[in-house]
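Containing compact mmCIF, C-alpha atoms and all ligand atoms: input-v2.txt.
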```
# COMPACT_ATOMS: atom_id res chain seq x y z
CA MET G 15 24.87 -0.79 125.25
CA SER G 16 22.24 -3.42 126.06
CA GLU G 17 21.74 -4.65 129.59
CA SER G 18 23.12 -8.07 128.76
CA SER G 19 26.32 -6.72 127.21
CA ALA G 20 26.84 -4.40 130.19
CA ALA G 21 26.44 -7.43 132.45
CA ALA G 22 28.90 -9.43 130.32
CA ALA G 23 31.46 -6.62 130.53
CA GLU G 24 30.99 -6.46 134.29
CA ALA G 25 31.47 -10.21 134.69
CA VAL G 26 34.58 -10.30 132.52
CA ALA G 27 36.09 -7.33 134.39
CA ALA G 28 35.35 -8.96 137.76
CA ARG G 29 36.98 -12.24 136.72
CA PHE G 30 39.98 -10.32 135.36
CA GLU G 31 40.47 -8.77 138.78
CA GLU G 32 40.31 -12.18 140.47
CA LEU G 33 42.87 -13.62 138.06
CA TYR G 34 45.33 -10.74 137.87
CA GLY G 35 44.83 -8.88 141.14
CA SER G 36 43.73 -5.48 139.85
CA ALA G 37 40.94 -4.00 137.72
CA PRO G 38 41.49 -4.03 133.92
CA ASP G 39 42.38 -0.84 132.05
CA GLY G 40 39.25 -1.38 129.98
CA VAL G 41 36.80 -3.84 128.42
CA TRP G 42 36.20 -4.28 124.69
CA ALA G 43 33.75 -6.33 122.60
CA ALA G 44 33.93 -7.67 119.04
CA PRO G 45 31.15 -9.65 117.32
CA GLY G 46 30.92 -12.78 115.25
CA ARG G 47 29.30 -12.41 111.85
CA VAL G 48 26.95 -13.91 109.35
CA ASN G 49 27.63 -13.46 105.66
CA LEU G 50 24.44 -12.47 103.86
CA ILE G 51 25.88 -13.19 100.41
CA GLY G 52 29.30 -13.40 98.72
CA GLU G 53 30.78 -16.77 99.69
CA HIS G 54 34.29 -17.91 98.75
CA THR G 55 34.77 -14.58 96.99
CA ASP G 56 37.04 -12.97 99.57
CA TYR G 57 40.18 -14.76 98.40
CA ASN G 58 39.31 -13.91 94.81
CA ASP G 59 39.47 -10.13 95.46
CA GLY G 60 35.66 -10.11 95.18
CA PHE G 61 32.63 -8.81 97.06
CA VAL G 62 31.15 -9.94 100.36
CA MET G 63 28.28 -8.71 102.46
CA PRO G 64 28.48 -9.72 106.11
CA PHE G 65 26.66 -8.29 109.09
CA ALA G 66 27.60 -8.50 112.75
CA LEU G 67 25.83 -10.78 115.21
CA PRO G 68 24.77 -9.70 118.68
CA HIS G 69 27.08 -12.47 119.90
CA THR G 70 30.46 -11.07 120.94
CA ALA G 71 33.85 -11.87 122.35
CA VAL G 72 34.36 -9.60 125.37
CA ALA G 73 37.90 -8.97 126.62
CA ALA G 74 39.14 -7.21 129.74
CA VAL G 75 42.68 -6.04 129.11
CA SER G 76 45.45 -4.16 130.90
CA ARG G 77 48.63 -3.00 129.24
CA ARG G 78 52.02 -4.17 130.46
CA ASP G 79 55.43 -2.76 129.73
CA ASP G 80 57.61 -5.68 130.78
CA GLY G 81 57.28 -7.95 127.74
CA VAL G 82 54.89 -10.39 129.42
CA LEU G 83 51.65 -11.51 127.77
CA ARG G 84 49.13 -13.32 129.97
CA LEU G 85 46.01 -14.88 128.46
CA HIS G 86 42.92 -16.49 129.90
CA SER G 87 39.56 -17.52 128.46
CA ALA G 88 36.49 -18.12 130.61
CA ASP G 89 35.29 -20.61 128.01
CA ILE G 90 38.44 -22.74 128.08
CA GLY G 91 39.25 -22.38 131.78
CA GLY G 92 42.43 -23.80 133.28
CA PRO G 93 45.39 -21.72 134.41
CA VAL G 94 46.47 -18.40 132.92
CA VAL G 95 48.84 -18.92 129.96
CA GLU G 96 51.97 -16.82 130.28
CA LEU G 97 54.08 -15.94 127.24
CA THR G 98 56.68 -13.33 126.39
CA VAL G 99 56.19 -10.99 123.44
CA ASP G 100 59.78 -11.62 122.30
CA GLY G 101 59.20 -15.37 122.27
CA LEU G 102 56.15 -15.33 119.97
CA ALA G 103 56.79 -17.37 116.82
CA PRO G 104 54.42 -18.33 113.97
CA GLU G 105 52.81 -21.77 114.13
CA SER G 106 54.42 -22.50 117.50
CA ASP G 107 51.12 -22.73 119.38
CA LYS G 108 48.28 -25.15 118.61
CA ARG G 109 46.05 -23.87 121.42
CA TRP G 110 43.35 -21.17 121.40
CA THR G 111 45.98 -18.74 122.69
CA ALA G 112 47.47 -18.60 119.18
CA TYR G 113 44.65 -16.21 118.13
CA PRO G 114 45.27 -13.43 120.68
CA ALA G 115 49.04 -14.05 120.76
CA GLY G 116 49.06 -13.93 116.95
CA VAL G 117 47.56 -10.45 117.08
CA VAL G 118 50.32 -9.26 119.41
CA TRP G 119 52.87 -10.86 117.08
CA ALA G 120 51.31 -9.24 113.97
CA LEU G 121 51.21 -5.80 115.59
CA ARG G 122 54.86 -6.07 116.63
CA GLU G 123 55.88 -7.41 113.22
CA ALA G 124 54.26 -4.32 111.69
CA GLY G 125 56.45 -2.15 113.91
CA HIS G 126 54.01 -1.28 116.69
CA ALA G 127 55.53 -1.17 120.15
CA VAL G 128 53.19 -3.52 121.99
CA THR G 129 55.08 -4.40 125.15
CA GLY G 130 52.75 -6.90 126.82
CA ALA G 131 49.26 -7.27 128.23
CA ASP G 132 47.03 -9.13 130.62
CA VAL G 133 43.91 -10.48 128.90
CA HIS G 134 40.84 -12.28 130.16
CA LEU G 135 38.02 -12.93 127.71
CA ALA G 136 34.69 -14.67 127.32
CA SER G 137 32.70 -15.17 124.14
CA THR G 138 29.09 -15.86 123.20
CA VAL G 139 30.02 -16.56 119.56
CA PRO G 140 29.65 -20.33 119.09
CA ALA G 141 33.08 -21.72 118.17
CA GLY G 142 33.47 -23.64 114.90
CA ALA G 143 29.91 -22.89 113.72
CA GLY G 144 30.99 -20.78 110.76
CA LEU G 145 30.11 -17.60 112.65
CA SER G 146 33.69 -16.37 113.07
CA SER G 147 34.44 -16.89 116.72
CA SER G 148 38.13 -16.75 115.76
CA ALA G 149 37.90 -13.31 114.14
CA ALA G 150 35.93 -11.99 117.13
CA LEU G 151 38.78 -13.11 119.38
CA GLU G 152 41.45 -11.52 117.21
CA VAL G 153 39.63 -8.24 116.65
CA VAL G 154 38.69 -7.71 120.28
CA VAL G 155 42.34 -8.06 121.28
CA ALA G 156 43.54 -5.90 118.38
CA LEU G 157 41.11 -3.11 119.29
CA ALA G 158 42.07 -3.23 122.98
CA LEU G 159 45.79 -3.00 122.17
CA ASN G 160 45.13 -0.25 119.63
CA ASP G 161 43.51 1.81 122.38
CA LEU G 162 45.91 0.94 125.21
CA PHE G 163 49.06 1.59 123.17
CA ALA G 164 47.49 4.57 121.31
CA LEU G 165 48.36 3.03 117.92
CA GLY G 166 45.77 5.06 116.02
CA LEU G 167 44.90 2.20 113.64
CA ARG G 168 41.57 2.20 111.78
CA GLY G 169 39.12 -0.70 111.75
CA TRP G 170 40.25 -2.02 108.37
CA GLN G 171 43.88 -1.91 109.49
CA LEU G 172 43.06 -3.90 112.63
CA ALA G 173 41.25 -6.37 110.36
CA ARG G 174 44.31 -6.76 108.11
CA LEU G 175 46.60 -7.35 111.09
CA SER G 176 44.14 -9.85 112.57
CA GLN G 177 43.99 -11.70 109.26
CA ARG G 178 47.80 -11.79 109.20
CA ALA G 179 47.74 -13.24 112.71
CA GLU G 180 45.41 -16.01 111.58
CA ASN G 181 47.19 -16.67 108.26
CA VAL G 182 50.76 -16.66 109.50
CA TYR G 183 50.75 -17.14 113.29
CA VAL G 184 47.83 -19.59 113.57
CA GLY G 185 48.48 -21.00 110.09
CA ALA G 186 44.93 -20.82 108.67
CA PRO G 187 44.67 -19.43 105.10
CA VAL G 188 41.48 -17.39 105.68
CA GLY G 189 40.36 -14.36 103.65
CA ILE G 190 39.76 -10.85 104.97
CA MET G 191 35.97 -10.93 105.37
CA ASP G 192 35.58 -12.17 108.93
CA GLN G 193 37.98 -9.75 110.57
CA THR G 194 36.66 -6.77 108.61
CA ALA G 195 33.08 -7.66 109.50
CA SER G 196 33.93 -7.89 113.18
CA ALA G 197 35.88 -4.64 113.12
CA CYS G 198 33.73 -2.49 110.83
CA CYS G 199 30.05 -3.56 110.84
CA GLU G 200 27.34 -1.21 112.12
CA ALA G 201 24.05 -2.03 113.79
CA GLY G 202 21.09 -2.22 111.40
CA HIS G 203 23.39 -2.55 108.39
CA ALA G 204 25.15 -5.10 106.26
CA LEU G 205 28.68 -4.28 105.13
CA PHE G 206 29.24 -4.22 101.38
CA LEU G 207 32.96 -4.88 101.21
CA ASP G 208 35.26 -4.93 98.22
CA THR G 209 37.97 -7.31 99.40
CA ARG G 210 40.44 -6.00 96.81
CA ASP G 211 40.91 -2.54 98.28
CA LEU G 212 38.78 -2.92 101.43
CA SER G 213 36.52 -0.06 100.33
CA GLN G 214 33.21 -0.45 102.08
CA ARG G 215 29.66 0.81 102.21
CA GLN G 216 27.14 0.36 105.02
CA ILE G 217 23.89 -0.92 103.50
CA PRO G 218 20.72 -0.45 105.60
CA PHE G 219 19.49 -3.91 106.60
CA ASP G 220 16.84 -3.52 109.25
CA LEU G 221 14.64 -6.56 108.76
CA ALA G 222 12.48 -6.07 111.85
CA ALA G 223 11.29 -2.69 110.54
CA GLU G 224 10.03 -4.45 107.42
CA GLY G 225 8.33 -7.36 109.16
CA MET G 226 11.01 -9.95 108.40
CA ARG G 227 13.48 -11.98 110.39
CA LEU G 228 16.73 -13.72 109.61
CA LEU G 229 17.26 -17.08 111.25
CA VAL G 230 20.65 -18.70 111.71
CA VAL G 231 20.56 -22.48 111.75
CA ASP G 232 23.73 -23.88 113.27
CA THR G 233 23.81 -27.49 112.06
CA GLN G 234 26.29 -28.32 114.85
CA VAL G 235 28.32 -30.40 112.41
CA LYS G 236 31.76 -29.73 111.02
CA HIS G 237 32.92 -32.26 108.48
CA SER G 238 36.54 -33.14 109.06
CA HIS G 239 37.75 -32.69 105.48
CA SER G 240 36.80 -28.99 105.44
CA GLU G 241 40.33 -27.57 105.76
CA GLY G 242 41.85 -29.59 102.95
CA GLU G 243 38.89 -28.88 100.69
CA TYR G 244 39.14 -25.14 101.40
CA GLY G 245 42.78 -25.21 100.29
CA LYS G 246 41.84 -27.09 97.11
CA ARG G 247 39.16 -24.52 96.23
CA ARG G 248 41.64 -21.68 96.72
CA GLU G 249 44.19 -23.39 94.48
CA GLY G 250 41.54 -24.11 91.85
CA CYS G 251 40.51 -20.44 91.81
CA GLU G 252 44.13 -19.34 91.44
CA LYS G 253 44.55 -21.78 88.58
CA GLY G 254 41.43 -20.38 86.91
CA ALA G 255 42.71 -16.81 87.23
CA ALA G 256 46.09 -17.83 85.81
CA LEU G 257 44.48 -19.66 82.86
CA LEU G 258 42.34 -16.61 82.13
CA GLY G 259 45.29 -14.22 82.47
CA VAL G 260 43.78 -12.11 85.26
CA ASP G 261 45.11 -11.21 88.73
CA ALA G 262 42.05 -12.67 90.43
CA LEU G 263 38.67 -14.10 89.38
CA ARG G 264 37.13 -10.81 90.46
CA ASP G 265 38.54 -9.44 87.18
CA VAL G 266 36.33 -11.68 85.02
CA PRO G 267 33.29 -9.51 84.15
CA TYR G 268 29.93 -11.21 84.60
CA ASP G 269 28.99 -10.32 81.03
CA ASP G 270 32.08 -12.15 79.75
CA LEU G 271 31.48 -15.30 81.77
CA ASP G 272 30.46 -17.53 78.86
CA ALA G 273 33.51 -16.54 76.83
CA ALA G 274 35.76 -17.11 79.85
CA LEU G 275 34.26 -20.56 80.44
CA ALA G 276 34.77 -21.42 76.79
CA ARG G 277 38.44 -20.46 77.09
CA LEU G 278 38.85 -22.88 79.99
CA GLY G 279 38.07 -25.73 77.60
CA ASP G 280 37.37 -29.07 79.21
CA ASP G 281 38.81 -28.35 82.67
CA GLU G 282 35.42 -28.97 84.24
CA GLU G 283 36.63 -28.55 87.82
CA VAL G 284 38.08 -25.09 87.20
CA ARG G 285 35.10 -24.07 85.04
CA ARG G 286 32.77 -24.78 87.95
CA LEU G 287 34.85 -22.79 90.42
CA VAL G 288 35.08 -19.84 88.05
CA ARG G 289 31.35 -19.92 87.38
CA HIS G 290 30.57 -19.82 91.08
CA VAL G 291 32.89 -16.93 91.90
CA VAL G 292 31.83 -14.76 88.95
CA THR G 293 28.09 -15.34 89.45
CA GLU G 294 28.43 -14.90 93.21
CA ASP G 295 30.12 -11.49 92.85
CA HIS G 296 27.24 -10.56 90.53
CA ARG G 297 24.69 -11.73 93.11
CA VAL G 298 26.30 -9.53 95.76
CA GLU G 299 25.93 -6.50 93.51
CA GLN G 300 22.29 -7.43 92.82
CA VAL G 301 21.55 -7.78 96.54
CA VAL G 302 23.14 -4.39 97.22
CA SER G 303 21.00 -2.67 94.63
CA LEU G 304 17.82 -4.40 95.84
CA LEU G 305 18.48 -3.43 99.45
CA GLU G 306 19.34 0.13 98.47
CA SER G 307 16.09 0.44 96.56
CA GLY G 308 14.12 -0.95 99.51
CA ASP G 309 13.17 -4.19 97.75
CA THR G 310 14.37 -6.45 100.55
CA ARG G 311 12.06 -9.40 99.94
CA ALA G 312 13.42 -9.73 96.41
CA ILE G 313 16.83 -10.84 97.73
CA GLY G 314 15.33 -14.21 98.74
CA PRO G 315 15.69 -15.95 95.36
CA LEU G 316 19.29 -14.69 95.07
CA LEU G 317 20.14 -16.37 98.37
CA VAL G 318 18.71 -19.64 97.06
CA GLU G 319 20.60 -19.28 93.77
CA GLY G 320 23.79 -18.62 95.71
CA HIS G 321 23.24 -21.81 97.70
CA ALA G 322 22.71 -23.86 94.55
CA SER G 323 25.94 -22.46 93.14
CA LEU G 324 27.86 -23.38 96.30
CA ARG G 325 26.31 -26.84 96.28
CA ASP G 326 26.61 -27.72 92.60
CA ASP G 327 29.50 -25.64 91.27
CA PHE G 328 31.73 -24.88 94.22
CA ARG G 329 30.77 -28.12 96.01
CA VAL G 330 31.20 -26.96 99.59
CA SER G 331 27.73 -27.73 100.94
CA CYS G 332 26.75 -30.91 102.79
CA PRO G 333 23.52 -32.85 103.42
CA GLU G 334 22.73 -30.94 106.62
CA LEU G 335 23.04 -27.50 104.97
CA ASP G 336 21.07 -28.62 101.91
CA LEU G 337 18.33 -29.94 104.17
CA VAL G 338 18.01 -26.58 105.97
CA VAL G 339 17.68 -24.73 102.68
CA ASP G 340 15.30 -27.18 100.99
CA THR G 341 13.09 -27.51 104.06
CA ALA G 342 12.95 -23.79 104.80
CA VAL G 343 12.12 -22.86 101.23
CA SER G 344 9.42 -25.57 101.00
CA ALA G 345 7.97 -24.29 104.27
CA GLY G 346 7.63 -20.78 102.86
CA ALA G 347 10.91 -19.00 103.62
CA LEU G 348 11.72 -16.02 101.37
CA GLY G 349 15.22 -17.38 100.85
CA ALA G 350 17.96 -19.46 102.46
CA ARG G 351 21.59 -20.39 101.93
CA MET G 352 24.60 -21.84 103.66
CA THR G 353 26.85 -19.16 105.15
CA GLY G 354 30.58 -19.34 105.86
CA GLY G 355 33.04 -21.78 104.38
CA GLY G 356 30.71 -24.79 104.22
CA PHE G 357 31.05 -28.54 104.96
CA GLY G 358 28.88 -27.93 108.02
CA GLY G 359 28.53 -24.81 110.11
CA SER G 360 25.50 -22.61 109.67
CA ALA G 361 22.80 -21.64 107.17
CA ILE G 362 20.71 -18.48 107.11
CA VAL G 363 16.99 -18.32 106.43
CA LEU G 364 15.09 -15.14 105.52
CA VAL G 365 11.49 -15.35 106.70
CA GLU G 366 8.36 -13.30 107.22
CA GLU G 367 8.04 -12.45 110.91
CA GLY G 368 4.91 -14.57 111.36
CA ASP G 369 6.54 -17.64 109.79
CA VAL G 370 9.35 -18.00 112.34
CA PRO G 371 7.68 -20.76 114.41
CA THR G 372 6.48 -22.89 111.48
CA ILE G 373 9.75 -22.72 109.59
CA THR G 374 11.82 -23.40 112.71
CA LYS G 375 9.65 -26.40 113.47
CA ALA G 376 9.84 -27.68 109.89
CA VAL G 377 13.67 -27.58 109.97
CA GLU G 378 13.86 -29.26 113.37
CA GLU G 379 11.48 -32.01 112.27
CA ALA G 380 13.35 -32.58 109.02
CA PHE G 381 16.62 -32.94 110.98
CA ALA G 382 15.04 -35.41 113.37
CA ALA G 383 13.58 -37.42 110.48
CA ALA G 384 16.98 -37.55 108.75
CA GLY G 385 18.67 -38.69 111.97
CA PHE G 386 20.83 -35.53 112.13
CA LYS G 387 21.91 -33.82 115.32
CA THR G 388 19.34 -31.26 116.54
CA PRO G 389 20.26 -27.89 115.00
CA ARG G 390 20.50 -24.69 117.03
CA VAL G 391 18.20 -22.03 115.59
CA PHE G 392 18.41 -18.38 116.59
CA GLU G 393 17.45 -14.99 115.23
CA ALA G 394 20.23 -12.76 113.96
CA VAL G 395 19.76 -9.02 114.36
CA PRO G 396 22.39 -6.98 112.45
CA SER G 397 24.43 -5.57 115.32
CA ALA G 398 27.36 -3.29 116.12
CA GLY G 399 30.98 -3.99 115.22
CA ALA G 400 33.93 -3.92 117.61
CA ARG G 401 33.85 -1.26 120.32
CA ARG G 402 35.07 -0.32 123.76
CA VAL G 403 32.39 -1.13 126.34
CA ARG G 404 34.03 0.03 129.60
P1 LIG Y 501 34.93 -20.15 113.63
O1 LIG Y 501 35.76 -18.92 113.50
O2 LIG Y 501 34.07 -20.42 112.45
O3 LIG Y 501 34.13 -20.17 114.91
P2 LIG Y 501 37.52 -21.37 113.77
O4 LIG Y 501 37.97 -22.78 113.70
O5 LIG Y 501 38.07 -20.40 112.81
O6 LIG Y 501 35.92 -21.40 113.73
O7 LIG Y 501 37.83 -20.82 115.23
C1 LIG Y 501 37.48 -21.56 116.38
C2 LIG Y 501 38.63 -21.52 117.37
O8 LIG Y 501 38.74 -20.21 117.96
C3 LIG Y 501 38.42 -22.44 118.57
O9 LIG Y 501 38.86 -23.74 118.27
C4 LIG Y 501 39.30 -21.77 119.62
O10 LIG Y 501 40.67 -22.10 119.45
C5 LIG Y 501 39.13 -20.31 119.30
N1 LIG Y 501 38.07 -19.74 120.15
C6 LIG Y 501 36.84 -19.33 119.76
N2 LIG Y 501 36.14 -18.85 120.81
C7 LIG Y 501 36.95 -18.96 121.89
C8 LIG Y 501 36.83 -18.64 123.28
N3 LIG Y 501 35.71 -18.12 123.78
N4 LIG Y 501 37.88 -18.89 124.08
C9 LIG Y 501 39.02 -19.41 123.60
N5 LIG Y 501 39.19 -19.74 122.32
C10 LIG Y 501 38.19 -19.53 121.47
MG MG Y 502 37.27 -18.62 112.03
```

Please lay out the structure from this file as structure tokens.
Amino acid sequence: MSESSAAAAEAVAARFEELYGSAPDGVWAAPGRVNLIGEHTDYNDGFVMPFALPHTAVAAVSRRDDGVLRLHSADIGGPVVELTVDGLAPESDKRWTAYPAGVVWALREAGHAVTGADVHLASTVPAGAGLSSSAALEVVVALALNDLFALGLRGWQLARLSQRAENVYVGAPVGIMDQTASACCEAGHALFLDTRDLSQRQIPFDLAAEGMRLLVVDTQVKHSHSEGEYGKRREGCEKGAALLGVDALRDVPYDDLDAALARLGDDEEVRRLVRHVVTEDHRVEQVVSLLESGDTRAIGPLLVEGHASLRDDFRVSCPELDLVVDTAVSAGALGARMTGGGFGGSAIVLVEEGDVPTITKAVEEAFAAAGFKTPRVFEAVPSAGARRVR
């Protein structure tokens, strides 16, 4: 454990004791994530390739056996929120507490005897930046309860239950990528995940060893229509699968794409969605084979192609994200793309180590010239997934 994460665990444990009057049973951490490639594929049973950020949600937790659930976040402040596990009901809570409470609800719904808990947490994952602060929150609580109630659940099972919490309890129709990334990623690796059966492979992704860096550019914007548009894309993909007679777009082979598009006739909207999903799944497989053969720099053009597909076919980019990608590539980046759902949030930029300052500066200057909010740029080192830290 790094010094800073040990210090974070210490601080969260100390605050827990102030709030609840005794030391926590333990402290757990779960990271946010960046998706290297494979966007809007996770609700099409397709492939994704996230890696974990060093940024984590850290939770100090004690078990309770009296049906009471108490929740507190250092980042929200205010008084402790007190609930009862019997009273938890889907979509009854519009506050942040719906994420951890949803996990308790999902565990209990699945038949696990979770009888209450005291939770205090703090997170360094920026919220709403497309870096999965919500999944970090869910997974850290799921892992803590798994340990404290000796549930014996595996990482992918905790991910499924966390997704159910977010889908049903919070009411957000998200795919399975974020929770699985937070639960299952390993340091120095990206996670090649098949979202159909959750089979996974850790792919070595140690950029520093090869003289490269990956920058995250948080545009600090979130366009307000993002939720409705996400729902429309999901529906369009389901329509495409139905028209093509497959369970999910994942079942359209890349080599049959032209024939599939021809069968969709003049439904241009659905044709575009199908083209993105099928080519994106193919790009994930290409990135996996390049990384496994040690040809890391060659993934750059695939990132740029993926961005163009999200911009032109899937239509989930925005001027800020396009500006990051265009500027970075013009300034010499190996590759760049938006990451996460789109309509704001973050982009990733793959760069040679020595180019970090010039490319960062180029992006910042381009944002200033366009009159956009100053972006937050940081380096993302592929880090560990969820774990107990104390
Ligand atoms: P993302 O997962 O991309 O960051 P979401 O909208 O899915 O964005 O999740 C953000 C929400 O998660 C916040 O609005 C808040 O309710 C909750 N959240 C994230 N981090 C924290 C935190 N440290 N404390 C309390 N709630 C948090
Ligand atoms: Mg989220």

Identify, counting all atoms listed in the file, the protein, DNA and RNA residues located within 9 Å of ligand LIG 501 (chain Y), and give them as a ChimeraX atom specification. /G:46,71-72,86-91,108-114,135-151,180,186,188,192,354-355,359

Which is closest to G:Val154 among G:Gly92, G:Gly35, G:Gly346, G:Gly40, if we use all atoms listed in the file?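 Closest residue, counting all atoms listed in the file: G:Gly40.
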
Which one is closest to G:Gly130: G:Asp79, G:Glu152, G:Asp161, G:Glu96? Count all atoms listed in the file.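 Ranked by minimum distance to G:Gly130, first place goes to G:Asp79.
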
Can you work out the spacing between atom CA of G:Ala131 and atom CA of G:Gly101 in Å, to one decimal?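 Separating atom CA of G:Ala131 from atom CA of G:Gly101 is a distance of 14.1 Å.
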
For atom CA of G:Leu287 and atom CA of G:Thr209, quote the distance in Å rounded to one decimal.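 Going from atom CA of G:Leu287 over to atom CA of G:Thr209 covers 18.2 Å.
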
When you draw a straight line from atom CA of G:Leu175 to atom CA of G:Val118, how long is it in Å?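 Rounded to one decimal, the two atoms are 9.3 Å apart.
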
Counting all atoms listed in the file, the residue of G:Val75, G:Arg47, G:Phe163, G:Tyr183 that sits nearest G:Leu102: G:Tyr183

With all atoms listed in the file as the atoms that count, which of G:Asp39, G:Asp340, G:Gly356, G:Glu200 lies nearest to ligand MG 502 (chain Y)?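 Checking each candidate against ligand MG 502 (chain Y), we get G:Gly356 as the closest.
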
Hey, what's within 10 Å of G:Glu224 if we count all atoms listed in the file and toss same-chain stuff fewer than 4 positions away? As a list of chain:residue names, please?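 Here the qualifying residues turn out to be G:Phe219, G:Asp220, G:Gly308, G:Thr310, G:Arg311, G:Glu366, G:Glu367.
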
Which residue gives the smallest distance to G:Val62 among G:His126, G:Arg297, G:Arg277, G:His290, with all atoms listed in the file counted?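 Of G:His126, G:Arg297, G:Arg277, G:His290, the one nearest G:Val62 is G:Arg297, counting all atoms listed in the file.
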
Could you tell me, as a PDB file with C-alpha atoms, keeping the file's coordinate frame, which residues have any atom at most 6 Å from (43.1, -14.5, 98.4), counting all atoms listed in the file?
```pdb
ATOM      1  CA  TYR G  57      40.180 -14.760  98.400  1.00  0.00           C
ATOM      2  CA  ASN G  58      39.310 -13.910  94.810  1.00  0.00           C
ATOM      3  CA  GLY G 189      40.360 -14.360 103.650  1.00  0.00           C
TER       4      GLY G 189
END
```

List the neighbours of G:Ala179 out to 6 Å using only C-alpha atoms; skip same-chain residues closer than 3 positions along the sequence, and give me the result as a ChimeraX atom specification. /G:116-117,120,176,182-183
